[in-house]
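Containing compact mmCIF, C-alpha atoms: model02.txt.
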# COMPACT_ATOMS: atom_id res chain seq x y z
CA MET A 1 130.53 88.36 113.10
CA ALA A 2 128.79 90.60 115.65
CA LYS A 3 130.45 93.82 116.84
CA PRO A 4 132.73 93.42 119.87
CA ILE A 5 130.93 94.17 123.14
CA VAL A 6 132.34 96.44 125.86
CA ALA A 7 130.57 95.94 129.20
CA ILE A 8 130.38 98.76 131.77
CA VAL A 9 130.11 97.32 135.27
CA GLY A 10 130.55 98.45 138.86
CA ARG A 11 128.64 98.92 142.08
CA PRO A 12 125.49 101.09 142.08
CA ASN A 13 125.59 104.87 141.65
CA VAL A 14 129.17 105.31 140.43
CA GLY A 15 128.07 106.87 137.12
CA LYS A 16 127.93 103.87 134.77
CA SER A 17 124.84 105.08 132.90
CA THR A 18 126.26 108.60 132.50
CA LEU A 19 129.46 107.13 131.03
CA PHE A 20 127.40 104.84 128.77
CA ASN A 21 125.40 107.81 127.44
CA LYS A 22 128.59 109.80 126.87
CA ILE A 23 130.23 106.98 124.87
CA ILE A 24 127.22 106.30 122.60
CA GLY A 25 126.56 110.03 122.20
CA LYS A 26 122.91 110.05 123.26
CA ARG A 27 120.79 109.79 126.39
CA LEU A 28 119.60 106.20 126.16
CA SER A 29 120.16 104.98 129.72
CA ILE A 30 118.23 106.61 132.59
CA VAL A 31 120.48 108.64 134.88
CA ASP A 32 119.44 109.33 138.47
CA ASP A 33 121.12 109.71 141.86
CA THR A 34 119.04 106.80 143.17
CA PRO A 35 121.05 103.54 143.20
CA GLY A 36 119.52 100.70 141.17
CA VAL A 37 117.74 102.74 138.48
CA THR A 38 119.35 100.59 135.77
CA ARG A 39 118.23 96.99 136.27
CA ASP A 40 118.52 95.30 132.88
CA ARG A 41 121.31 95.39 130.35
CA ILE A 42 120.99 98.28 127.89
CA TYR A 43 122.83 98.13 124.57
CA GLY A 44 124.04 100.97 122.37
CA ASP A 45 126.14 101.24 119.22
CA ALA A 46 129.27 103.38 119.36
CA GLU A 47 132.28 104.24 117.24
CA TRP A 48 135.79 105.32 118.17
CA GLN A 49 138.69 106.00 115.80
CA GLY A 50 136.68 104.52 112.94
CA LYS A 51 136.01 101.26 114.80
CA LYS A 52 132.42 100.25 115.55
CA PHE A 53 131.55 98.40 118.73
CA MET A 54 128.65 97.80 121.09
CA VAL A 55 128.46 99.12 124.66
CA VAL A 56 126.33 97.48 127.33
CA ASP A 57 125.25 99.30 130.48
CA THR A 58 124.49 97.05 133.45
CA GLY A 59 122.76 97.41 136.77
CA GLY A 60 125.04 97.95 139.74
CA ILE A 61 126.62 94.83 141.22
CA GLU A 62 126.15 94.46 144.98
CA PRO A 63 128.02 91.21 145.76
CA ALA A 64 126.60 90.81 149.25
CA GLY A 65 123.02 91.87 148.54
CA GLY A 66 120.26 89.37 149.28
CA ASP A 67 117.47 91.32 147.62
CA VAL A 68 115.68 89.56 144.76
CA ILE A 69 115.98 92.52 142.38
CA LEU A 70 119.66 92.95 143.24
CA ALA A 71 120.18 89.26 142.52
CA GLY A 72 118.54 89.74 139.12
CA MET A 73 120.78 92.73 138.42
CA ARG A 74 123.84 90.63 139.33
CA ALA A 75 122.69 87.94 136.90
CA GLN A 76 122.26 90.50 134.12
CA ALA A 77 125.70 91.97 134.82
CA GLN A 78 127.27 88.49 134.92
CA LEU A 79 125.79 87.71 131.50
CA ALA A 80 127.20 90.96 130.10
CA ILE A 81 130.63 90.02 131.49
CA GLU A 82 130.48 86.58 129.85
CA THR A 83 129.69 88.00 126.39
CA ALA A 84 132.04 91.01 126.50
CA ALA A 85 135.33 91.35 124.66
CA ALA A 86 136.51 93.82 127.31
CA ILE A 87 135.14 95.19 130.59
CA VAL A 88 135.22 98.68 132.07
CA LEU A 89 135.02 98.68 135.87
CA VAL A 90 133.67 102.07 136.99
CA THR A 91 134.56 103.35 140.47
CA ASP A 92 133.88 106.63 142.26
CA LEU A 93 136.70 109.01 143.25
CA GLN A 94 134.49 110.76 145.81
CA THR A 95 133.78 107.63 147.86
CA GLY A 96 137.17 105.99 147.34
CA VAL A 97 137.75 102.24 147.22
CA THR A 98 134.95 100.36 148.99
CA ALA A 99 134.57 96.73 149.99
CA SER A 100 132.08 96.30 147.12
CA ASP A 101 134.68 97.65 144.65
CA GLU A 102 137.18 95.08 145.89
CA GLU A 103 134.67 92.23 145.56
CA VAL A 104 133.63 93.28 142.05
CA ALA A 105 137.31 93.60 141.04
CA ALA A 106 137.97 90.07 142.36
CA LEU A 107 134.94 88.79 140.41
CA LEU A 108 136.22 90.37 137.21
CA GLN A 109 139.72 88.98 137.67
CA LYS A 110 138.26 85.47 137.91
CA SER A 111 136.37 86.00 134.62
CA GLY A 112 139.66 86.07 132.72
CA LYS A 113 138.43 88.98 130.57
CA PRO A 114 140.55 92.12 130.05
CA VAL A 115 139.49 94.80 132.53
CA VAL A 116 140.10 98.55 132.33
CA LEU A 117 139.73 100.45 135.62
CA CYS A 118 137.84 103.75 135.31
CA VAL A 119 137.91 106.20 138.22
CA ASN A 120 134.86 108.37 137.59
CA LYS A 121 133.91 111.83 138.91
CA CYS A 122 137.41 113.27 138.41
CA ASP A 123 135.74 116.53 137.42
CA ARG A 124 138.67 118.92 137.97
CA VAL A 125 141.04 119.55 135.08
CA GLY A 126 144.75 119.12 135.81
CA ASP A 127 146.64 116.75 138.08
CA VAL A 128 144.61 114.05 139.77
CA PRO A 129 144.09 114.36 143.54
CA PRO A 130 146.13 112.15 145.93
CA GLU A 131 143.13 109.86 146.70
CA PHE A 132 143.19 108.76 143.02
CA TYR A 133 146.23 106.56 143.68
CA GLU A 134 144.26 104.51 146.22
CA PHE A 135 142.63 102.68 143.29
CA TYR A 136 145.90 100.94 142.41
CA ASN A 137 145.06 98.70 145.39
CA LEU A 138 142.39 96.95 143.29
CA GLY A 139 145.15 95.21 141.34
CA LEU A 140 143.75 96.03 137.89
CA GLY A 141 146.66 98.04 136.56
CA ASP A 142 146.75 101.76 135.87
CA PRO A 143 143.43 103.45 136.64
CA ILE A 144 142.14 106.05 134.17
CA ALA A 145 140.71 109.33 135.46
CA VAL A 146 137.37 110.13 133.83
CA SER A 147 134.59 112.66 134.22
CA SER A 148 131.57 111.04 132.57
CA VAL A 149 129.55 114.23 133.10
CA HIS A 150 132.02 116.47 131.25
CA GLY A 151 133.57 113.82 129.00
CA HIS A 152 137.13 114.28 130.27
CA GLY A 153 139.24 111.14 129.87
CA THR A 154 136.73 109.10 127.86
CA GLY A 155 139.08 109.07 124.87
CA ASP A 156 141.96 107.72 126.99
CA LEU A 157 139.54 105.15 128.44
CA LEU A 158 138.46 103.88 125.00
CA ASP A 159 142.09 103.78 123.82
CA ALA A 160 142.89 101.54 126.81
CA VAL A 161 139.87 99.32 126.08
CA PHE A 162 140.79 98.91 122.39
CA ALA A 163 144.34 97.95 123.35
CA HIS A 164 142.80 94.72 124.75
CA ILE A 165 140.58 93.90 121.73
CA PRO A 166 142.36 92.22 118.79
CA ALA A 167 142.11 94.22 115.55
CA GLU A 168 140.63 91.26 113.69
CA GLU A 169 137.49 91.43 115.86
CA PHE A 170 136.72 94.76 114.21
CA ASP A 171 137.86 93.70 110.74
CA GLU A 172 135.52 90.71 110.67
CA ILE A 173 132.34 92.71 111.27
CA ASP A 174 130.08 91.99 108.32
CA GLU A 175 127.14 94.36 108.09
CA ASP A 176 125.70 92.35 105.18
CA VAL A 177 124.93 89.26 107.30
CA ILE A 178 121.24 89.06 108.22
CA GLN A 179 120.94 88.08 111.88
CA VAL A 180 117.95 85.76 112.39
CA ALA A 181 116.75 84.71 115.86
CA VAL A 182 114.57 81.60 115.96
CA ILE A 183 112.34 82.10 119.00
CA GLY A 184 109.36 80.37 120.54
CA LYS A 185 108.22 78.33 123.49
CA PRO A 186 110.04 75.07 124.36
CA ASN A 187 109.73 72.08 122.04
CA ALA A 188 108.35 74.05 119.08
CA GLY A 189 111.16 72.68 116.88
CA LYS A 190 113.64 75.58 116.89
CA SER A 191 116.74 73.39 116.97
CA SER A 192 115.29 71.07 114.31
CA LEU A 193 114.71 74.06 112.04
CA VAL A 194 118.27 75.34 112.46
CA ASN A 195 119.63 71.81 111.83
CA GLN A 196 117.50 71.52 108.67
CA ILE A 197 118.79 74.90 107.45
CA ALA A 198 122.42 74.09 108.29
CA GLY A 199 122.22 70.57 106.85
CA GLU A 200 123.83 69.11 109.97
CA GLU A 201 123.15 68.35 113.65
CA ARG A 202 124.21 71.83 114.80
CA SER A 203 121.97 71.81 117.89
CA LEU A 204 120.99 68.97 120.18
CA VAL A 205 117.41 67.88 119.45
CA SER A 206 115.23 66.12 121.99
CA ASP A 207 111.55 65.76 122.87
CA ILE A 208 112.47 67.04 126.33
CA ALA A 209 111.55 70.72 126.55
CA GLY A 210 114.51 72.94 127.44
CA THR A 211 117.27 70.87 125.80
CA THR A 212 118.80 74.01 124.27
CA ARG A 213 120.36 76.13 127.02
CA ASP A 214 122.56 78.56 125.11
CA ALA A 215 121.99 80.75 122.06
CA ILE A 216 123.84 78.95 119.25
CA ASP A 217 124.96 80.76 116.07
CA THR A 218 124.87 79.02 112.68
CA ARG A 219 126.19 80.79 109.56
CA VAL A 220 124.68 79.79 106.22
CA GLU A 221 124.63 81.17 102.67
CA ARG A 222 121.63 80.93 100.37
CA ASN A 223 121.54 82.41 96.84
CA GLY A 224 124.47 84.71 97.58
CA VAL A 225 122.96 86.10 100.80
CA HIS A 226 124.63 85.38 104.15
CA TYR A 227 122.56 84.61 107.24
CA ASN A 228 123.40 83.96 110.86
CA PHE A 229 120.70 81.85 112.53
CA ILE A 230 120.55 82.08 116.32
CA ASP A 231 118.95 79.04 117.93
CA THR A 232 117.62 80.14 121.32
CA ALA A 233 116.35 78.43 124.43
CA GLY A 234 112.56 78.17 124.56
CA LEU A 235 110.91 81.01 126.46
CA ARG A 236 108.34 79.77 128.94
CA ARG A 237 106.35 81.36 131.74
CA LYS A 238 108.38 82.74 134.64
CA SER A 239 106.52 80.47 137.06
CA ARG A 240 107.86 77.47 135.10
CA VAL A 241 111.48 78.66 135.14
CA GLU A 242 113.02 76.93 138.12
CA ASP A 243 116.78 76.36 137.95
CA ASN A 244 119.45 79.04 137.59
CA ILE A 245 120.80 77.56 134.36
CA GLU A 246 117.43 78.00 132.70
CA LYS A 247 117.19 81.57 134.00
CA TYR A 248 120.44 82.30 132.18
CA SER A 249 119.00 80.56 129.10
CA VAL A 250 116.02 82.91 129.12
CA LEU A 251 118.36 85.91 129.43
CA ARG A 252 120.41 84.65 126.49
CA ALA A 253 117.27 84.17 124.39
CA LYS A 254 116.24 87.76 125.09
CA MET A 255 119.76 88.88 124.26
CA ALA A 256 119.55 87.00 120.93
CA ILE A 257 116.39 88.96 120.11
CA GLU A 258 118.23 92.20 120.90
CA ARG A 259 121.00 91.50 118.37
CA ALA A 260 118.77 89.99 115.67
CA ASP A 261 117.53 91.75 112.54
CA VAL A 262 114.70 89.28 111.94
CA CYS A 263 112.81 87.10 114.44
CA VAL A 264 111.21 83.87 113.26
CA ILE A 265 108.46 83.16 115.81
CA LEU A 266 108.04 79.39 115.72
CA ILE A 267 104.68 77.90 116.69
CA ASP A 268 103.98 74.23 117.27
CA GLY A 269 101.38 73.46 114.58
CA SER A 270 100.30 70.25 116.31
CA GLU A 271 99.49 72.19 119.50
CA GLY A 272 98.24 75.45 118.04
CA PHE A 273 98.44 78.97 119.43
CA THR A 274 99.07 79.50 123.15
CA GLU A 275 99.29 82.59 125.33
CA GLN A 276 103.03 82.06 125.63
CA ASP A 277 103.41 82.43 121.85
CA SER A 278 101.98 85.95 122.04
CA LYS A 279 104.35 86.84 124.93
CA VAL A 280 107.36 85.60 122.93
CA ALA A 281 106.20 87.63 119.92
CA GLY A 282 105.72 90.65 122.19
CA LEU A 283 109.43 90.63 123.07
CA ALA A 284 110.32 90.91 119.38
CA VAL A 285 107.77 93.68 118.82
CA GLU A 286 109.11 95.68 121.79
CA GLN A 287 112.59 95.53 120.26
CA GLY A 288 111.27 96.73 116.89
CA LYS A 289 112.37 93.61 115.03
CA ALA A 290 111.13 92.36 111.68
CA CYS A 291 108.98 89.28 112.38
CA ILE A 292 107.74 86.16 110.63
CA ILE A 293 105.23 83.76 112.21
CA ALA A 294 106.24 80.23 111.19
CA VAL A 295 103.86 77.36 111.98
CA ASN A 296 106.07 74.27 112.36
CA LYS A 297 105.21 70.53 112.24
CA TRP A 298 102.69 71.20 109.46
CA ASP A 299 103.50 67.74 108.06
CA ILE A 300 101.82 66.00 111.02
CA VAL A 301 98.73 68.23 111.22
CA GLU A 302 95.53 66.57 110.00
CA LYS A 303 94.16 68.85 107.32
CA ASP A 304 91.80 69.29 104.41
CA GLY A 305 91.59 71.94 101.69
CA LYS A 306 90.48 74.64 104.14
CA THR A 307 92.77 73.94 107.11
CA MET A 308 95.54 76.35 106.11
CA ASP A 309 93.16 79.26 105.42
CA SER A 310 91.23 78.76 108.64
CA THR A 311 94.45 78.45 110.66
CA ARG A 312 95.82 81.60 109.04
CA LYS A 313 92.66 83.57 109.90
CA SER A 314 92.75 82.27 113.47
CA LEU A 315 96.42 83.26 113.88
CA MET A 316 95.78 86.72 112.43
CA ASN A 317 93.20 87.16 115.18
CA ASP A 318 95.55 85.76 117.86
CA PHE A 319 98.39 88.04 116.72
CA SER A 320 96.16 91.07 116.16
CA PHE A 321 98.81 93.27 117.83
CA MET A 322 101.17 92.56 114.90
CA PRO A 323 98.94 92.30 111.79
CA TYR A 324 101.91 93.13 109.56
CA ALA A 325 103.72 89.81 110.27
CA PRO A 326 103.52 87.28 107.40
CA ILE A 327 102.49 83.72 108.30
CA ILE A 328 104.15 80.65 106.76
CA PHE A 329 103.48 76.94 107.30
CA ILE A 330 106.64 74.81 107.40
CA SER A 331 108.08 71.50 108.52
CA ALA A 332 111.55 71.56 110.03
CA LYS A 333 111.64 67.76 109.81
CA THR A 334 110.92 67.43 106.07
CA GLY A 335 112.20 70.83 104.90
CA GLN A 336 108.77 71.86 103.59
CA ARG A 337 108.73 75.55 102.47
CA ILE A 338 112.21 76.29 103.87
CA ASP A 339 113.13 78.03 100.59
CA ARG A 340 110.07 80.23 100.96
CA LEU A 341 111.12 81.03 104.55
CA PHE A 342 114.46 82.36 103.26
CA GLU A 343 112.63 84.57 100.76
CA LEU A 344 110.44 85.95 103.55
CA ILE A 345 113.45 86.63 105.79
CA ARG A 346 115.13 88.66 103.03
CA TYR A 347 111.90 90.49 102.27
CA VAL A 348 110.99 91.53 105.84
CA HIS A 349 114.60 92.55 106.51
CA THR A 350 114.43 94.87 103.49
CA GLN A 351 111.16 96.30 104.79
CA ASN A 352 112.62 96.80 108.29
CA THR A 353 115.55 98.79 106.86
CA MET A 354 113.51 100.78 104.30
CA ARG A 355 114.06 104.53 104.16
CA ILE A 356 111.40 106.79 102.63
CA ALA A 357 112.15 110.26 101.25
CA THR A 358 110.65 113.17 103.19
CA GLY A 359 108.96 114.54 100.07
CA MET A 360 107.13 111.27 99.41
CA LEU A 361 106.07 111.05 103.07
CA ASN A 362 104.58 114.52 103.00
CA ASP A 363 102.70 113.79 99.78
CA ILE A 364 101.07 110.85 101.60
CA LEU A 365 100.44 113.08 104.65
CA ALA A 366 98.72 115.74 102.54
CA ASP A 367 96.53 113.16 100.81
CA ALA A 368 95.68 111.40 104.11
CA THR A 369 94.69 114.61 105.95
CA ALA A 370 92.56 115.69 102.96
CA ARG A 371 90.69 112.38 103.05
CA VAL A 372 90.19 112.23 106.81
CA GLN A 373 90.33 115.44 108.84
CA PRO A 374 92.71 115.33 111.84
CA PRO A 375 90.89 115.13 115.20
CA SER A 376 89.87 118.20 117.18
CA ASP A 377 88.99 118.91 120.81
CA LYS A 378 87.09 121.91 122.21
CA GLY A 379 87.40 123.78 118.92
CA LYS A 380 91.14 123.15 118.64
CA ARG A 381 92.06 121.05 115.59
CA LEU A 382 95.24 119.04 115.18
CA LYS A 383 97.57 120.47 112.54
CA ILE A 384 100.34 118.23 111.23
CA TYR A 385 102.99 120.44 109.64
CA TYR A 386 105.25 117.78 108.17
CA MET A 387 106.64 114.30 108.67
CA THR A 388 110.11 112.84 108.21
CA GLN A 389 111.75 109.48 108.80
CA ALA A 390 114.17 109.54 111.72
CA SER A 391 115.59 106.02 111.59
CA THR A 392 115.22 102.43 110.43
CA LYS A 393 115.06 99.09 112.28
CA PRO A 394 112.15 99.71 112.72
CA PRO A 395 111.06 102.55 110.40
CA THR A 396 110.47 105.48 112.76
CA PHE A 397 108.67 108.64 111.66
CA VAL A 398 108.69 112.03 113.38
CA CYS A 399 105.51 114.11 113.03
CA PHE A 400 105.65 117.84 113.83
CA CYS A 401 102.29 119.21 114.96
CA ASN A 402 100.69 122.06 116.89
CA LYS A 403 99.49 120.01 119.90
CA ALA A 404 100.70 116.50 120.69
CA GLU A 405 97.76 115.60 122.94
CA LEU A 406 95.38 116.01 119.98
CA PHE A 407 97.36 113.43 117.99
CA HIS A 408 95.17 110.50 119.00
CA PHE A 409 96.46 106.93 118.71
CA SER A 410 93.68 106.10 116.22
CA TYR A 411 94.89 108.83 113.86
CA GLN A 412 98.46 107.55 114.16
CA ARG A 413 97.16 104.12 113.17
CA TYR A 414 95.34 105.70 110.21
CA LEU A 415 98.55 107.38 109.00
CA GLU A 416 100.46 104.13 109.51
CA ASN A 417 97.94 102.30 107.34
CA GLN A 418 98.30 104.95 104.62
CA ILE A 419 102.09 104.58 104.66
CA ARG A 420 101.85 100.78 104.60
CA SER A 421 99.37 100.80 101.71
CA THR A 422 101.89 102.78 99.64
CA PHE A 423 105.24 101.30 100.67
CA GLY A 424 104.30 97.88 102.08
CA LEU A 425 106.48 97.72 105.20
CA GLU A 426 105.31 94.14 105.64
CA GLY A 427 106.81 92.20 108.51
CA THR A 428 108.06 95.23 110.44
CA PRO A 429 106.55 97.42 113.17
CA VAL A 430 106.29 101.15 112.48
CA ARG A 431 106.86 103.77 115.18
CA PHE A 432 105.82 107.41 115.44
CA ILE A 433 107.44 110.18 117.45
CA ILE A 434 105.21 113.22 117.98
CA ARG A 435 106.87 116.61 118.28
CA GLU A 436 105.11 119.91 119.02
CA ARG A 437 105.86 123.10 117.14
CA GLY A 438 104.49 126.55 117.84
CA ASP A 439 101.23 127.41 116.09
CA ARG A 440 101.72 129.04 112.70
CA SER A 441 99.43 131.75 111.38

Go ahead and render the structure in this file as structure tokens.
Amino acid sequence: MAKPIVAIVGRPNVGKSTLFNKIIGKRLSIVDDTPGVTRDRIYGDAEWQGKKFMVVDTGGIEPAGGDVILAGMRAQAQLAIETAAAIVLVTDLQTGVTASDEEVAALLQKSGKPVVLCVNKCDRVGDVPPEFYEFYNLGLGDPIAVSSVHGHGTGDLLDAVFAHIPAEEFDEIDEDVIQVAVIGKPNAGKSSLVNQIAGEERSLVSDIAGTTRDAIDTRVERNGVHYNFIDTAGLRRKSRVEDNIEKYSVLRAKMAIERADVCVILIDGSEGFTEQDSKVAGLAVEQGKACIIAVNKWDIVEKDGKTMDSTRKSLMNDFSFMPYAPIIFISAKTGQRIDRLFELIRYVHTQNTMRIATGMLNDILADATARVQPPSDKGKRLKIYYMTQASTKPPTFVCFCNKAELFHFSYQRYLENQIRSTFGLEGTPVRFIIRERGDRS
């Protein structure tokens, strides 16, 4: 089961992003005095009293706004509300209760989800000021005084939130389940693949593109390994997305990618590569997910002894921005190579979560810089002091150097290729963070 989600909502500029950053313990969400800086949902992992959960920061909700961007922000916030186990409504002590606060509170009450009222910007220590009690008028129970800048009251806030989330939601979190999102354009056979894997009609299958609206979870076990397959709505061009229901479907598909460990990018083999396939793949790459390119409907493709090799070469050219992704040819209808697909999912997930010792990394770095000199500019040569791995999912490496602007992208690619040639890292993107250090004598 996925971690319980706590959604932070409220009107613009009440300090939602500051509170979000304080809870997750790092500056992930952009904070600015300008209303509307946060537009999309931003997710972060957090832990409180030994319990792990996920926090989602949303754009400010302006119920009466007619602006297109504001409408999009409302849709994103509404989706966060629907998927949350509990909701934190953030208000601003300095402005008091506004009409927008009342409308958002009414919206949340209709959702039926547990809501905790946070009165932010209570920056003074001690008794709360008299205007604090005005927030009881929102009808959401006892408000909690918080200073998201200083961190005062965040513990009390999280205690109140956890009082609404059943303990079993935390107990059932299984870190060993591999989350697999099946993504692609409409009618590529995503639902058919999930049904074939599950051995039952888990998702509605139709020749009509867009039959799947929601992201549907299917738990399966194969050779002692547990998987959760997420069947998503097909992602098509924005110009083709017309009704509101489908807009929500696209949001849910993107959300499925966010919570997945591995993305299976499904391509219609009878139709071949399209520009939309690369856009769908780009979403997975941006999120740093392990990826597999699966060519479906291979059973109906007319082929000879060279068809698979030529198609593979063509796809490697089409997906040149992700040369690390393995390509497999399957049939969701007949079950062709489904066992091999499971093997690939396990393999790329292992690669995506691989951690490399600092000593081994620096041995590779020393060998690589001896083979190919780092670039120089105007007599100043790049010096790379050392490299270490900062995180996984995807593997992220921090390089400490004398001058970041000399660390050209082409040399980063060269180092990436050296690391991949030693450790594989197949199926996963690799990221570099460049840090400057003072010149050493």

Considering all atoms listed in the file, state which residue in the set A:Asp363, A:Ala46, A:Gly139, A:Pro374 is at the smallest distance from Thr422 of chain A.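 Of A:Asp363, A:Ala46, A:Gly139, A:Pro374, the one nearest Thr422 of chain A, counting all atoms listed in the file, is A:Asp363.
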
Separation of atom CA of Asp217 of chain A from atom CA of Leu89 of chain A in Å: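 Distance reported for this atom pair: 28.5 Å.
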
Nearest to Tyr324 of chain A, chosen from A:Cys291, A:Ala366, A:Val9, A:Ile338, with all atoms listed in the file counted in the distances: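 Of A:Cys291, A:Ala366, A:Val9, A:Ile338, the one nearest Tyr324 of chain A is A:Cys291, counting all atoms listed in the file.
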
Taking only C-alpha atoms into account, name the residue in A:Gln418, A:Gly96, A:Gly305, A:Lys279 that is nearest to Arg371 of chain A.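 Selected residue with least distance to Arg371 of chain A: A:Gln418.
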
Shell around Thr95 of chain A at 12 Å using only C-alpha atoms, local window under 5 positions removed, as a VMD selection string: chain A and resid 11 13 to 14 100 to 101 119 to 122 131 to 132 134 to 135

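Comparing the minimum interatomic distances between Phe53 of chain A and each of A:Ile293, A:Ile5, A:Ile183, A:Ile419, counting all atoms listed in the file, we find that A:Ile5 sits nearest.
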
Neighbouring residues of Glu221 of chain A were defined as those with any atom within 10 Å, considering only C-alpha atoms; residues of the same chain fewer than 3 positions away were excluded. Please report them as number ranges by chain. A: 177, 197-198, 224-228

List the spatial neighbours of segment 295-300 of chain A as number ranges by chain - criterion: any atom at most 8 Å away, all atoms listed in the file, same-chain residues fewer than 5 positions off excluded. A: 188-189, 266-270, 327-334

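The nearest approach to Arg355 of chain A among the residues A:Val220, A:Cys118, A:Leu341, A:Ala390, with only C-alpha atoms taken into account, belongs to A:Ala390.
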
Tell me which of A:Pro129, A:Gly282, A:Pro186, A:Gly335 sits closest to Thr232 of chain A, counting all atoms listed in the file. A:Pro186

Separating atom CA of Ala368 of chain A from atom CA of Gln287 of chain A, to the nearest tenth of an Å, is a gap of 28.3 Å

Show me, as a list in words, the residues that have an atom within 10 Å of Val146 of chain A when counting all atoms listed in the file, minus same-chain residues fewer than 5 positions from it.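 My reading of the contact set: Leu19, Val90, Thr91, Asp92, Leu93, Cys118, Val119, Asn120, Lys121, Cys122, Asp123, Arg124, Gly151, His152, Gly153, Thr154, Gly155, Asp156 and Leu157 of chain A.
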
Starting from 4 Å padding per side, set up an axis-aligned box that covers all listed atoms of segment 187-197 of chain A and hand over centre and edge lengths in Å, one decimal, as JSON.
{"center_x": 114.0, "center_y": 73.3, "center_z": 114.7, "size_x": 19.3, "size_y": 12.5, "size_z": 22.6}

Can you complete the atoms of segment 106-121 of chain A to N, CA and C atoms and list them as a tab-separated table (two decimals), in the coordinates of the input?
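Saved the output as rebuild_11.tsv:
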chain	number	residue	atom	x	y	z
A	106	ALA	N	137.59	91.49	142.23
A	106	ALA	CA	137.97	90.07	142.36
A	106	ALA	C	137.14	89.20	141.42
A	107	LEU	N	135.84	89.52	141.31
A	107	LEU	CA	134.94	88.79	140.41
A	107	LEU	C	135.39	88.93	138.96
A	108	LEU	N	135.80	90.12	138.59
A	108	LEU	CA	136.22	90.37	137.21
A	108	LEU	C	137.55	89.68	136.91
A	109	GLN	N	138.45	89.65	137.88
A	109	GLN	CA	139.72	88.98	137.67
A	109	GLN	C	139.53	87.49	137.43
A	110	LYS	N	138.55	86.90	138.11
A	110	LYS	CA	138.26	85.47	137.91
A	110	LYS	C	137.67	85.20	136.53
A	111	SER	N	137.01	86.21	135.93
A	111	SER	CA	136.37	86.00	134.62
A	111	SER	C	137.39	85.78	133.52
A	112	GLY	N	138.63	86.23	133.74
A	112	GLY	CA	139.66	86.07	132.72
A	112	GLY	C	139.56	87.06	131.58
A	113	LYS	N	138.59	87.97	131.63
A	113	LYS	CA	138.43	88.98	130.57
A	113	LYS	C	139.31	90.19	130.86
A	114	PRO	N	139.77	90.90	129.81
A	114	PRO	CA	140.55	92.12	130.05
A	114	PRO	C	139.69	93.19	130.71
A	115	VAL	N	140.24	93.81	131.75
A	115	VAL	CA	139.49	94.80	132.53
A	115	VAL	C	140.25	96.12	132.52
A	116	VAL	N	139.53	97.20	132.25
A	116	VAL	CA	140.10	98.55	132.33
A	116	VAL	C	139.43	99.25	133.51
A	117	LEU	N	140.25	99.81	134.41
A	117	LEU	CA	139.73	100.45	135.62
A	117	LEU	C	139.49	101.93	135.36
A	118	CYS	N	138.24	102.35	135.52
A	118	CYS	CA	137.84	103.75	135.31
A	118	CYS	C	137.53	104.37	136.67
A	119	VAL	N	138.21	105.45	137.00
A	119	VAL	CA	137.91	106.20	138.22
A	119	VAL	C	137.08	107.41	137.80
A	120	ASN	N	135.80	107.35	138.06
A	120	ASN	CA	134.86	108.37	137.59
A	120	ASN	C	134.78	109.54	138.58
A	121	LYS	N	134.16	110.61	138.12
A	121	LYS	CA	133.91	111.83	138.91
A	121	LYS	C	135.19	112.59	139.23
